[in-house]
file my_file_12.txt (compact mmCIF, C-alpha atoms)
# COMPACT_ATOMS: atom_id res chain seq x y z
CA MET A 1 -13.44 -28.14 -22.35
CA ASN A 2 -11.73 -26.19 -19.56
CA VAL A 3 -13.07 -22.65 -19.92
CA GLU A 4 -11.72 -21.26 -16.65
CA ARG A 5 -9.62 -18.59 -18.41
CA LEU A 6 -12.50 -17.66 -20.73
CA ARG A 7 -14.73 -17.03 -17.72
CA GLU A 8 -12.27 -14.37 -16.51
CA LEU A 9 -12.37 -12.41 -19.78
CA ALA A 10 -14.02 -9.02 -19.75
CA ILE A 11 -15.98 -8.77 -23.01
CA SER A 12 -17.59 -5.45 -23.89
CA ASP A 13 -20.63 -4.93 -26.10
CA THR A 14 -18.36 -3.64 -28.85
CA GLY A 15 -16.35 -6.88 -28.88
CA PHE A 16 -13.34 -5.44 -27.04
CA VAL A 17 -11.83 -8.19 -24.89
CA PHE A 18 -9.49 -7.79 -21.92
CA ASP A 19 -7.70 -10.77 -20.43
CA PRO A 20 -7.03 -9.81 -16.77
CA TYR A 21 -4.49 -12.64 -16.37
CA SER A 22 -2.14 -11.66 -19.16
CA GLY A 23 -3.10 -8.02 -19.69
CA PHE A 24 -3.67 -8.65 -23.39
CA THR A 25 -6.50 -6.98 -25.24
CA PHE A 26 -8.04 -7.88 -28.58
CA SER A 27 -11.21 -7.29 -30.54
CA VAL A 28 -13.68 -9.77 -31.96
CA ASN A 29 -16.46 -9.22 -34.46
CA GLU A 30 -20.10 -10.02 -33.82
CA THR A 31 -19.81 -13.73 -34.58
CA GLY A 32 -16.58 -13.93 -32.61
CA ARG A 33 -18.25 -12.36 -29.60
CA PHE A 34 -21.15 -14.81 -29.96
CA MET A 35 -18.81 -17.81 -30.03
CA LEU A 36 -16.75 -16.45 -27.13
CA GLN A 37 -19.83 -15.96 -24.99
CA ALA A 38 -21.15 -19.42 -25.84
CA LEU A 39 -17.82 -21.13 -25.10
CA LYS A 40 -17.48 -19.07 -21.93
CA ALA A 41 -20.89 -20.38 -20.87
CA GLY A 42 -19.47 -23.89 -21.16
CA HIS A 43 -21.16 -25.04 -24.37
CA ALA A 44 -19.42 -27.71 -26.43
CA ALA A 45 -18.01 -26.84 -29.86
CA GLU A 46 -20.75 -28.56 -31.84
CA ALA A 47 -23.47 -26.93 -29.74
CA VAL A 48 -21.84 -23.54 -30.32
CA ALA A 49 -21.81 -24.24 -34.08
CA ALA A 50 -25.53 -25.05 -34.00
CA GLN A 51 -26.30 -21.88 -32.01
CA LEU A 52 -24.17 -19.86 -34.41
CA ALA A 53 -26.04 -21.26 -37.42
CA GLU A 54 -29.36 -20.40 -35.86
CA ALA A 55 -28.44 -16.93 -34.66
CA PHE A 56 -26.81 -15.84 -37.93
CA ASP A 57 -29.00 -17.78 -40.38
CA LEU A 58 -26.15 -19.94 -41.63
CA THR A 59 -26.59 -22.94 -43.91
CA PRO A 60 -24.58 -26.18 -43.77
CA SER A 61 -22.54 -24.91 -46.72
CA ASP A 62 -21.35 -22.03 -44.53
CA ASP A 63 -19.73 -24.71 -42.34
CA PRO A 64 -20.20 -23.03 -38.93
CA SER A 65 -18.52 -26.01 -37.31
CA ARG A 66 -15.26 -25.17 -39.10
CA ASP A 67 -15.51 -21.56 -37.93
CA VAL A 68 -15.96 -22.65 -34.33
CA HIS A 69 -13.00 -25.04 -34.47
CA GLU A 70 -10.78 -22.37 -36.03
CA PHE A 71 -11.87 -19.97 -33.34
CA ILE A 72 -11.01 -22.54 -30.67
CA LEU A 73 -7.55 -22.95 -32.22
CA MET A 74 -7.04 -19.18 -32.03
CA LEU A 75 -8.05 -19.18 -28.37
CA ARG A 76 -5.55 -21.97 -27.71
CA GLU A 77 -2.81 -19.99 -29.42
CA GLN A 78 -3.63 -17.13 -27.05
CA GLN A 79 -3.47 -19.63 -24.16
CA LEU A 80 -7.07 -18.90 -23.29
CA LEU A 81 -7.90 -22.56 -23.74
CA PRO A 82 -5.54 -25.35 -22.69
CA HIS A 83 -3.55 -26.96 -25.53
CA ASP A 84 -3.88 -30.45 -24.13
CA ASP A 85 -7.66 -30.32 -23.95
CA ASP A 86 -8.69 -32.17 -27.12
CA ARG A 87 -12.22 -32.95 -26.13
CA GLU A 88 -13.65 -29.58 -27.12
CA GLY A 89 -16.84 -30.67 -25.53
CA MET B 1 -2.58 5.67 13.37
CA ARG B 2 -0.87 9.00 12.76
CA SER B 3 -2.70 10.60 9.87
CA SER B 4 -0.61 13.74 9.59
CA PRO B 5 3.06 12.78 9.49
CA THR B 6 5.59 14.65 7.41
CA VAL B 7 6.99 12.32 4.77
CA ALA B 8 10.14 13.05 2.78
CA VAL B 9 10.64 11.30 -0.55
CA THR B 10 13.65 11.18 -2.89
CA GLY B 11 13.89 10.64 -6.65
CA LEU B 12 12.04 13.59 -8.19
CA ASN B 13 13.63 13.19 -11.63
CA ALA B 14 10.40 12.60 -13.53
CA THR B 15 12.02 12.42 -16.97
CA ASP B 16 11.47 9.87 -19.76
CA ASN B 17 13.43 7.49 -17.53
CA PRO B 18 11.71 8.61 -14.36
CA GLY B 19 12.66 8.18 -10.77
CA PRO B 20 9.82 6.85 -8.61
CA GLY B 21 9.61 9.85 -6.26
CA VAL B 22 6.78 11.72 -7.95
CA ALA B 23 4.69 8.54 -8.14
CA VAL B 24 5.26 7.84 -4.45
CA LEU B 25 4.36 11.42 -3.50
CA ARG B 26 1.23 11.31 -5.67
CA ALA B 27 0.13 8.09 -4.00
CA LEU B 28 0.64 9.56 -0.54
CA ARG B 29 -1.30 12.68 -1.52
CA ALA B 30 -4.10 10.47 -2.89
CA ALA B 31 -4.44 8.43 0.32
CA PRO B 32 -7.72 9.48 2.00
CA ASP B 33 -6.22 8.92 5.47
CA PHE B 34 -3.12 10.99 4.81
CA HIS B 35 -3.36 14.55 6.06
CA GLY B 36 0.32 15.22 6.57
CA ARG B 37 2.98 17.23 4.79
CA LEU B 38 5.23 16.15 1.94
CA VAL B 39 8.86 17.09 1.43
CA GLY B 40 10.72 16.47 -1.81
CA LEU B 41 14.41 15.55 -1.83
CA ALA B 42 16.01 16.13 -5.21
CA TYR B 43 19.46 15.73 -6.74
CA ASP B 44 19.11 18.48 -9.30
CA SER B 45 17.46 21.89 -9.18
CA LEU B 46 15.66 21.02 -12.44
CA ASP B 47 14.18 17.76 -11.20
CA PRO B 48 10.60 18.10 -12.50
CA GLY B 49 8.99 16.90 -9.27
CA ILE B 50 10.09 20.08 -7.50
CA TYR B 51 7.81 22.05 -9.80
CA HIS B 52 4.82 19.70 -9.83
CA GLN B 53 2.06 21.77 -8.21
CA PRO B 54 -0.50 18.99 -7.56
CA LEU B 55 1.91 17.30 -5.13
CA GLY B 56 1.42 20.16 -2.72
CA LEU B 57 4.97 19.90 -1.41
CA SER B 58 5.67 21.84 1.77
CA ALA B 59 9.33 22.11 0.83
CA ALA B 60 11.95 20.68 -1.48
CA TYR B 61 15.66 20.32 -0.84
CA LEU B 62 18.68 19.32 -2.84
CA ILE B 63 20.66 16.41 -1.43
CA PRO B 64 24.14 15.22 -2.41
CA TYR B 65 24.54 12.33 -4.83
CA PRO B 66 25.25 9.01 -3.08
CA SER B 67 28.66 9.00 -4.79
CA GLN B 68 29.64 11.93 -2.55
CA GLY B 69 29.67 9.58 0.39
CA LEU B 70 27.82 8.70 3.53
CA GLU B 71 29.04 11.67 5.55
CA ALA B 72 27.74 14.19 3.02
CA MET B 73 24.34 12.47 2.96
CA ARG B 74 24.17 12.29 6.75
CA GLU B 75 25.00 15.96 7.22
CA ARG B 76 22.55 17.11 4.60
CA LEU B 77 19.66 14.99 5.87
CA PHE B 78 20.25 16.17 9.42
CA GLU B 79 20.39 19.80 8.26
CA ILE B 80 17.14 19.40 6.31
CA HIS B 81 15.56 17.74 9.34
CA ARG B 82 16.52 20.75 11.46
CA GLN B 83 14.81 23.08 8.99
CA THR B 84 11.78 20.94 8.20
CA PRO B 85 11.39 18.05 10.65
CA PHE B 86 10.10 14.95 8.90
CA ASP B 87 8.84 11.71 10.42
CA VAL B 88 9.27 9.29 7.54
CA LEU B 89 11.84 9.06 4.77
CA ILE B 90 11.11 6.97 1.65
CA PRO B 91 14.21 6.65 -0.55
CA THR B 92 13.33 5.56 -4.09
CA LEU B 93 16.62 5.09 -5.93
CA ASP B 94 18.76 1.94 -5.95
CA SER B 95 21.99 3.88 -5.60
CA GLU B 96 20.99 5.64 -2.40
CA LEU B 97 19.78 2.57 -0.54
CA PRO B 98 23.15 1.42 0.89
CA SER B 99 23.60 4.90 2.43
CA MET B 100 20.05 4.98 3.75
CA ILE B 101 20.32 1.48 5.23
CA ALA B 102 23.54 2.52 6.97
CA LEU B 103 21.98 5.74 8.26
CA GLU B 104 18.72 4.16 9.44
CA PRO B 105 19.70 3.83 13.14
CA GLU B 106 20.95 7.43 13.33
CA LEU B 107 17.88 8.75 11.57
CA ALA B 108 15.62 6.71 13.85
CA ALA B 109 17.34 8.32 16.84
CA LYS B 110 16.22 11.66 15.45
CA GLY B 111 12.66 10.46 14.98
CA VAL B 112 12.97 9.77 11.25
CA HIS B 113 11.57 6.35 10.35
CA LEU B 114 12.44 4.28 7.31
CA TYR B 115 11.05 0.97 6.15
CA LEU B 116 13.96 -0.65 4.38
CA PRO B 117 15.52 -4.06 3.85
CA THR B 118 18.61 -5.02 5.80
CA ARG B 119 21.94 -4.88 4.00
CA GLU B 120 21.92 -8.68 3.71
CA GLN B 121 18.47 -8.64 2.13
CA PHE B 122 19.56 -5.82 -0.18
CA ASP B 123 22.64 -7.78 -1.30
CA LEU B 124 20.74 -11.05 -1.76
CA ARG B 125 18.59 -9.61 -4.53
CA SER B 126 21.54 -8.14 -6.44
CA LYS B 127 21.81 -9.28 -10.05
CA ALA B 128 25.03 -11.11 -9.26
CA ARG B 129 23.23 -13.36 -6.75
CA LEU B 130 20.09 -14.09 -8.76
CA ALA B 131 20.83 -17.82 -9.02
CA GLU B 132 21.27 -18.05 -5.24
CA LEU B 133 18.04 -16.15 -4.67
CA GLY B 134 16.20 -18.41 -7.12
CA ALA B 135 17.44 -21.54 -5.34
CA ARG B 136 16.49 -20.16 -1.93
CA ALA B 137 13.02 -19.08 -3.02
CA GLY B 138 12.33 -22.07 -5.26
CA LEU B 139 11.93 -19.74 -8.24
CA ASP B 140 12.97 -20.42 -11.81
CA VAL B 141 15.67 -17.98 -12.96
CA PRO B 142 17.52 -17.59 -16.29
CA GLU B 143 20.89 -19.28 -16.56
CA THR B 144 23.32 -16.67 -15.27
CA ARG B 145 27.10 -16.27 -15.02
CA VAL B 146 28.92 -13.52 -13.15
CA LEU B 147 32.16 -12.61 -14.93
CA SER B 148 35.09 -10.44 -13.87
CA ASP B 149 37.48 -11.04 -16.76
CA VAL B 150 36.71 -10.39 -20.41
CA ARG B 151 38.51 -13.63 -21.36
CA GLU B 152 35.73 -15.59 -19.66
CA LEU B 153 33.35 -14.13 -22.21
CA TYR B 154 34.87 -16.24 -25.00
CA ASP B 155 33.81 -19.50 -23.39
CA VAL B 156 30.67 -18.52 -21.54
CA HIS B 157 28.44 -19.56 -24.46
CA LYS B 158 29.21 -23.19 -23.54
CA ASP B 159 27.13 -22.64 -20.39
CA VAL B 160 24.87 -19.81 -21.56
CA PRO B 161 24.25 -20.17 -25.31
CA TYR B 162 23.73 -17.20 -27.60
CA PRO B 163 21.75 -15.02 -27.66
CA PHE B 164 22.35 -13.79 -24.13
CA MET B 165 22.10 -10.56 -22.20
CA VAL B 166 25.16 -8.64 -21.00
CA LYS B 167 24.11 -6.77 -17.89
CA GLY B 168 25.74 -4.19 -15.67
CA VAL B 169 25.88 -5.00 -11.99
CA PHE B 170 23.48 -2.13 -11.22
CA TYR B 171 21.82 -1.22 -14.50
CA GLY B 172 21.75 -1.73 -18.23
CA ALA B 173 21.25 -4.78 -20.39
CA VAL B 174 22.29 -5.50 -23.99
CA LYS B 175 21.23 -8.51 -26.03
CA VAL B 176 24.12 -10.05 -27.96
CA ASN B 177 24.16 -12.73 -30.66
CA ALA B 178 27.88 -13.41 -31.12
CA VAL B 179 31.22 -12.97 -29.40
CA ASP B 180 32.15 -9.69 -31.12
CA GLU B 181 28.88 -8.13 -29.95
CA ALA B 182 29.45 -9.58 -26.50
CA VAL B 183 32.94 -8.06 -26.21
CA HIS B 184 31.63 -4.69 -27.37
CA ALA B 185 28.80 -4.83 -24.83
CA TRP B 186 31.26 -5.91 -22.13
CA HIS B 187 33.46 -2.83 -22.59
CA GLN B 188 30.46 -0.50 -22.70
CA THR B 189 29.06 -2.07 -19.54
CA VAL B 190 32.35 -2.01 -17.64
CA ALA B 191 32.99 1.61 -18.61
CA LYS B 192 29.63 2.62 -17.19
CA TRP B 193 28.98 0.29 -14.29
CA GLY B 194 32.30 -1.41 -13.52
CA LEU B 195 32.82 -5.07 -12.70
CA PRO B 196 31.47 -7.69 -12.44
CA VAL B 197 29.43 -8.17 -15.59
CA ILE B 198 26.44 -10.47 -15.62
CA VAL B 199 25.74 -12.76 -18.55
CA GLN B 200 22.20 -14.03 -18.58
CA GLN B 201 20.36 -16.36 -20.94
CA HIS B 202 17.96 -14.50 -23.21
CA TYR B 203 14.40 -15.71 -23.45
CA SER B 204 11.54 -14.46 -25.58
CA GLY B 205 8.28 -13.85 -23.85
CA GLU B 206 6.15 -11.34 -22.03
CA GLU B 207 7.51 -9.31 -19.13
CA TYR B 208 5.46 -8.62 -16.04
CA ASP B 209 6.45 -6.36 -13.16
CA ILE B 210 5.07 -6.51 -9.64
CA VAL B 211 5.19 -3.64 -7.18
CA ALA B 212 5.19 -5.17 -3.72
CA VAL B 213 5.84 -4.49 -0.05
CA GLY B 214 7.28 -7.07 2.33
CA ASP B 215 6.72 -7.03 6.07
CA GLY B 216 10.28 -8.02 7.02
CA ARG B 217 9.13 -11.30 8.52
CA GLY B 218 8.57 -13.23 5.31
CA GLY B 219 5.07 -11.97 4.65
CA LEU B 220 3.61 -9.94 1.82
CA ILE B 221 1.78 -6.72 2.71
CA GLY B 222 0.52 -6.06 -0.79
CA ALA B 223 1.34 -6.53 -4.46
CA VAL B 224 0.02 -5.33 -7.80
CA PRO B 225 1.30 -7.01 -11.00
CA MET B 226 1.43 -4.99 -14.19
CA LYS B 227 1.86 -5.76 -17.88
CA LYS B 228 3.61 -3.06 -19.88
CA MET B 229 1.55 -2.00 -22.88
CA LEU B 230 3.94 0.57 -24.37
CA LEU B 231 7.69 0.93 -23.98
CA THR B 232 10.03 3.88 -24.49
CA ASP B 233 13.22 3.44 -26.50
CA LYS B 234 14.92 2.78 -23.15
CA GLY B 235 12.52 -0.07 -22.48
CA LYS B 236 10.67 1.82 -19.76
CA GLY B 237 6.95 1.32 -19.45
CA TRP B 238 4.98 4.27 -20.79
CA ALA B 239 1.63 2.55 -20.42
CA GLY B 240 0.62 -0.52 -18.48
CA VAL B 241 -2.30 -2.43 -17.05
CA ALA B 242 -2.83 -4.18 -13.71
CA VAL B 243 -3.24 -7.94 -14.17
CA LYS B 244 -4.26 -10.64 -11.74
CA ASP B 245 -2.31 -13.71 -12.75
CA PRO B 246 -2.05 -15.61 -9.45
CA THR B 247 1.35 -17.05 -10.46
CA LEU B 248 2.86 -13.57 -10.23
CA ILE B 249 1.55 -13.04 -6.70
CA GLU B 250 2.72 -16.51 -5.70
CA MET B 251 6.23 -15.79 -7.01
CA THR B 252 6.28 -12.53 -5.07
CA GLU B 253 5.18 -14.34 -1.93
CA ARG B 254 7.98 -16.86 -2.41
CA PHE B 255 10.51 -14.07 -2.73
CA MET B 256 9.23 -12.46 0.45
CA ALA B 257 9.27 -15.77 2.33
CA ALA B 258 12.84 -16.54 1.24
CA SER B 259 14.31 -13.06 1.78
CA HIS B 260 12.19 -11.66 4.64
CA TRP B 261 12.22 -8.49 2.58
CA ARG B 262 11.29 -5.39 4.52
CA GLY B 263 9.92 -2.53 2.46
CA PRO B 264 8.98 -1.86 -1.14
CA CYS B 265 10.39 -3.60 -4.20
CA GLU B 266 9.68 -4.35 -7.84
CA VAL B 267 9.79 -7.98 -8.95
CA GLU B 268 10.44 -8.55 -12.65
CA VAL B 269 9.15 -11.77 -14.22
CA LEU B 270 9.39 -13.09 -17.76
CA ARG B 271 6.69 -15.46 -18.95
CA THR B 272 8.34 -17.39 -21.78
CA HIS B 273 6.48 -18.58 -24.83
CA GLU B 274 7.01 -22.10 -23.49
CA GLY B 275 5.12 -21.15 -20.33
CA ARG B 276 8.04 -20.80 -17.89
CA SER B 277 7.82 -17.97 -15.36
CA LEU B 278 11.36 -16.71 -14.80
CA LEU B 279 12.42 -14.31 -12.07
CA LEU B 280 14.57 -11.75 -13.91
CA GLU B 281 15.45 -9.45 -11.04
CA VAL B 282 14.20 -7.67 -7.95
CA ASN B 283 14.62 -3.91 -7.72
CA PRO B 284 14.98 -2.78 -4.11
CA ARG B 285 12.55 0.16 -4.20
CA PHE B 286 9.25 1.35 -5.55
CA PRO B 287 9.05 1.45 -9.37
CA ALA B 288 8.21 4.65 -11.22
CA TRP B 289 4.74 3.26 -12.04
CA THR B 290 3.87 2.87 -8.34
CA PHE B 291 0.91 5.22 -8.57
CA LEU B 292 -0.91 2.45 -10.42
CA SER B 293 -1.03 0.50 -7.14
CA ALA B 294 -2.98 3.32 -5.51
CA GLY B 295 -5.28 3.58 -8.52
CA ALA B 296 -5.90 -0.16 -8.50
CA GLY B 297 -6.82 -0.22 -4.83
CA GLN B 298 -3.58 -0.84 -2.93
CA ASN B 299 -1.89 2.36 -1.82
CA LEU B 300 1.48 0.78 -1.16
CA PRO B 301 3.44 4.04 -0.51
CA TRP B 302 0.96 4.97 2.21
CA ALA B 303 1.29 1.43 3.60
CA VAL B 304 5.08 1.86 3.74
CA ALA B 305 4.77 5.23 5.50
CA ARG B 306 2.45 3.69 8.08
CA LEU B 307 4.67 0.65 8.56
CA ALA B 308 7.66 2.96 9.03
CA LEU B 309 5.73 4.75 11.76
CA GLY B 310 5.09 1.42 13.48
CA ASP B 311 1.44 1.06 12.51
CA ALA B 312 0.01 -2.38 11.89
CA VAL B 313 -0.99 -2.71 8.25
CA ALA B 314 -3.19 -5.64 7.32
CA PRO B 315 -2.13 -7.57 4.21
CA MET B 316 -3.87 -6.34 1.08
CA ARG B 317 -4.85 -8.76 -1.66
CA ASP B 318 -7.65 -7.09 -3.59
CA PHE B 319 -7.03 -4.78 -6.49
CA LYS B 320 -8.82 -3.96 -9.69
CA ALA B 321 -7.29 -5.77 -12.67
CA GLY B 322 -7.68 -3.68 -15.80
CA THR B 323 -6.66 -0.45 -14.07
CA MET B 324 -4.32 1.24 -16.53
CA PHE B 325 -1.72 3.97 -16.52
CA VAL B 326 -0.66 6.05 -19.49
CA ARG B 327 2.17 8.51 -18.95
CA ILE B 328 2.27 12.00 -20.33
CA SER B 329 5.01 14.51 -20.99
CA LEU B 330 4.00 18.07 -20.38
CA ASP B 331 5.62 21.40 -19.79
CA GLN B 332 5.31 22.77 -16.29
CA VAL B 333 5.37 26.55 -16.25
CA THR B 334 6.94 28.19 -13.25
CA SER B 335 8.77 31.33 -12.24
CA ILE B 336 12.52 31.71 -12.60
CA ASP B 337 12.45 32.82 -8.96
CA ARG B 338 11.70 29.31 -7.86
CA PHE B 339 14.50 27.86 -9.91
CA GLU B 340 16.82 30.54 -8.55
CA GLN B 341 15.82 29.70 -4.98
CA ILE B 342 16.46 25.97 -5.24
CA ALA B 343 19.56 26.41 -7.42
CA SER B 344 21.24 28.97 -5.22
CA THR B 345 20.19 27.87 -1.73
CA GLY B 346 19.43 24.18 -2.28
CA ALA B 347 16.06 24.62 -0.64
CA ILE B 348 12.62 25.94 -1.42
CA THR B 349 9.73 26.34 0.98
CA PHE B 350 6.25 26.57 -0.43
CA GLU B 351 4.10 26.96 2.66
CA LYS B 352 4.80 30.65 3.09
CA GLU B 353 3.71 31.36 -0.44
CA LYS B 354 0.12 32.15 -1.26
CA ASP B 355 -0.02 29.76 -4.18
CA PRO B 356 1.25 26.18 -4.28
CA PRO B 357 4.60 25.32 -5.88

call {"tool": "encode", "arguments": {"input": "my_file_12.txt", "output": "structure tokens"}}
result
Amino acid sequence: MNVERLRELAISDTGFVFDPYSGFTFSVNETGRFMLQALKAGHAAEAVAAQLAEAFDLTPSDDPSRDVHEFILMLREQQLLPHDDDREG
Amino acid sequence: MRSSPTVAVTGLNATDNPGPGVAVLRALRAAPDFHGRLVGLAYDSLDPGIYHQPLGLSAAYLIPYPSQGLEAMRERLFEIHRQTPFDVLIPTLDSELPSMIALEPELAAKGVHLYLPTREQFDLRSKARLAELGARAGLDVPETRVLSDVRELYDVHKDVPYPFMVKGVFYGAVKVNAVDEAVHAWHQTVAKWGLPVIVQQHYSGEEYDIVAVGDGRGGLIGAVPMKKMLLTDKGKGWAGVAVKDPTLIEMTERFMAASHWRGPCEVEVLRTHEGRSLLLEVNPRFPAWTFLSAGAGQNLPWAVARLALGDAVAPMRDFKAGTMFVRISLDQVTSIDRFEQIASTGAITFEKEKDPP
């Protein structure tokens, strides 16, 4: 997954995110910030889901993998991840 | 490097549709190397910049509107120069640039230096020649038609489909969705700005503006792109943030390379939802949000003053993305004496007073 744009994001402790390329700002909650940091670090989607489950005590029924994939879709909509990158890993 | 020149700046109308003069003066005042004097040149005795104490103006003068002709401008500038000699003049309004470009040699002979585009460069970036500029610079531009007869408007949608923008040759833009709206916008535009009228394809997307300075040889001295965060009802940026999208700098460099632009300008770019980066227009002067450049690490007004004086200024590329501006409206309290002085004599000198303006 090409995370070049994610690496440029300024992410504060409160979850406030500034994209210095576009000038857009948005906020993420605690789990969102966790996923953003993990993806920014270059971890694949399934690895992020596993880390998320461990960090937030999630069970398989919580389906952390679905959350991560939905989050990735949102990042694509914001053009923070490339649309044509289907590998997610 | 001369650190204490006297710099005169126009455009002190800091209203809700502000002229850039106050921003340029603030940037000069904020430059650590600048120890000179500042002179304000205003068109109206109530231009707010005249009364803005933190600028520390040495003097302010009224000058004639460009519509009063070149001779009136020449005489007034020379008279002001006799009273308060200035070394650099930074005009900040589109409408005064043709006069200033024409007067540049005479002003230079009196020791007044400007850093302006040539008339050819100035004309190249006019709205009517956007397509030509785009082709020369290799920049994507919206489909544009320049019309001089209202009858052309009825067929223009075959080339430029609705919705499109109806733009005045100097200023103003109205989005229209059908021919009746287009005809209405045409008459409004012609009444205000005359002919021709520019019809330009409308695109949805995000607008970015870049304040930049060209070296006159095709190079870029400095540039700071900005994304507007809040607009007034006139579409003017009331808040904005410096961004570092390299595409915006590259587009500005292409414009400079193609035009050999000399001096300040504002490049307007639309990033469409489909990912196209369209050059919308190039304004031939500093924008009103120019102070952001100084705050972000590139003091472009000070660079222009130094370039005008013949100093070598190294290209600047670094700036701090995320630097923001948020405008404010506030009431400046002053004495009626000051208004009386500028209104009745066309001049006000602050240096003899104990307190600043």

call {"tool": "residues_around", "arguments": {"input": "my_file_12.txt", "residues": "A:Val48", "least_positions_apart": "3", "cutoff": "8 Å", "atoms": "all atoms listed in the file", "output": "list in words"}}
result
Met35, Ala38, Leu39, His43, Ala44, Ala45, Gln51, Leu52 and Val68 of chain A

call {"tool": "axis_aligned_box", "arguments": {"input": "my_file_12.txt", "around": "stretch 58-77 of chain A", "padding_each_side": "6 Å", "output": "lines of an AutoDock Vina configuration file"}}
result
center_x = -14.7
center_y = -22.7
center_z = -37.2
size_x = 35.8
size_y = 19.0
size_z = 31.0

call {"tool": "closest_residue", "arguments": {"input": "my_file_12.txt", "among": "B:Val243, B:Ile249, B:Val313, B:Ala258", "to": "chain A", "atoms": "all atoms listed in the file"}}
result
B:Val243

call {"tool": "interface_residues", "arguments": {"input": "my_file_12.txt", "of": "chain B", "to": "chain A", "cutoff": "7 Å", "atoms": "only C-alpha atoms", "output": "list in words"}}
result
Lys227, Val241, Val243, Lys244, Asp245, Ala321 and Gly322 of chain B

call {"tool": "atom_distance", "arguments": {"input": "my_file_12.txt", "atom1": "atom CA of B:Gln201", "atom2": "atom CA of B:Leu278"}}
result
10.9 Å

call {"tool": "atom_distance", "arguments": {"input": "my_file_12.txt", "atom1": "atom CA of B:Ala27", "atom2": "atom CA of B:Pro301"}}
result
6.3 Å

call {"tool": "decode", "arguments": {"input": "my_file_12.txt", "residues": "stretch 274-287 of chain B", "atoms": "N, CA and C atoms", "output": "tab-separated table (two decimals), in the first residue's frame"}}
result
chain	number	residue	atom	x	y	z
B	274	GLU	N	-11.91	15.35	-10.30
B	274	GLU	CA	-11.35	14.28	-11.12
B	274	GLU	C	-9.82	14.29	-11.07
B	275	GLY	N	-9.25	15.25	-10.34
B	275	GLY	CA	-7.80	15.28	-10.16
B	275	GLY	C	-7.05	16.17	-11.14
B	276	ARG	N	-7.79	16.93	-11.99
B	276	ARG	CA	-7.09	17.87	-12.88
B	276	ARG	C	-6.70	19.11	-12.10
B	277	SER	N	-5.55	19.67	-12.43
B	277	SER	CA	-5.11	20.93	-11.83
B	277	SER	C	-5.17	21.99	-12.91
B	278	LEU	N	-6.18	22.87	-12.81
B	278	LEU	CA	-6.43	23.86	-13.86
B	278	LEU	C	-5.93	25.23	-13.44
B	279	LEU	N	-5.20	25.89	-14.32
B	279	LEU	CA	-4.83	27.28	-14.08
B	279	LEU	C	-6.05	28.14	-14.37
B	280	LEU	N	-6.56	28.85	-13.35
B	280	LEU	CA	-7.76	29.67	-13.55
B	280	LEU	C	-7.39	31.08	-14.01
B	281	GLU	N	-6.42	31.67	-13.33
B	281	GLU	CA	-5.93	32.99	-13.74
B	281	GLU	C	-4.69	33.37	-12.96
B	282	VAL	N	-4.03	34.41	-13.43
B	282	VAL	CA	-2.85	34.94	-12.74
B	282	VAL	C	-3.10	36.42	-12.48
B	283	ASN	N	-3.14	36.79	-11.23
B	283	ASN	CA	-3.30	38.21	-10.88
B	283	ASN	C	-1.92	38.85	-10.82
B	284	PRO	N	-1.78	40.05	-11.39
B	284	PRO	CA	-0.44	40.61	-11.61
B	284	PRO	C	0.14	41.37	-10.43
B	285	ARG	N	-0.18	40.97	-9.23
B	285	ARG	CA	0.27	41.73	-8.04
B	285	ARG	C	0.15	40.83	-6.82
B	286	PHE	N	0.66	41.33	-5.71
B	286	PHE	CA	0.51	40.58	-4.46
B	286	PHE	C	-0.97	40.41	-4.13
B	287	PRO	N	-1.37	39.28	-3.56
B	287	PRO	CA	-2.74	39.16	-3.05
B	287	PRO	C	-2.86	39.80	-1.67
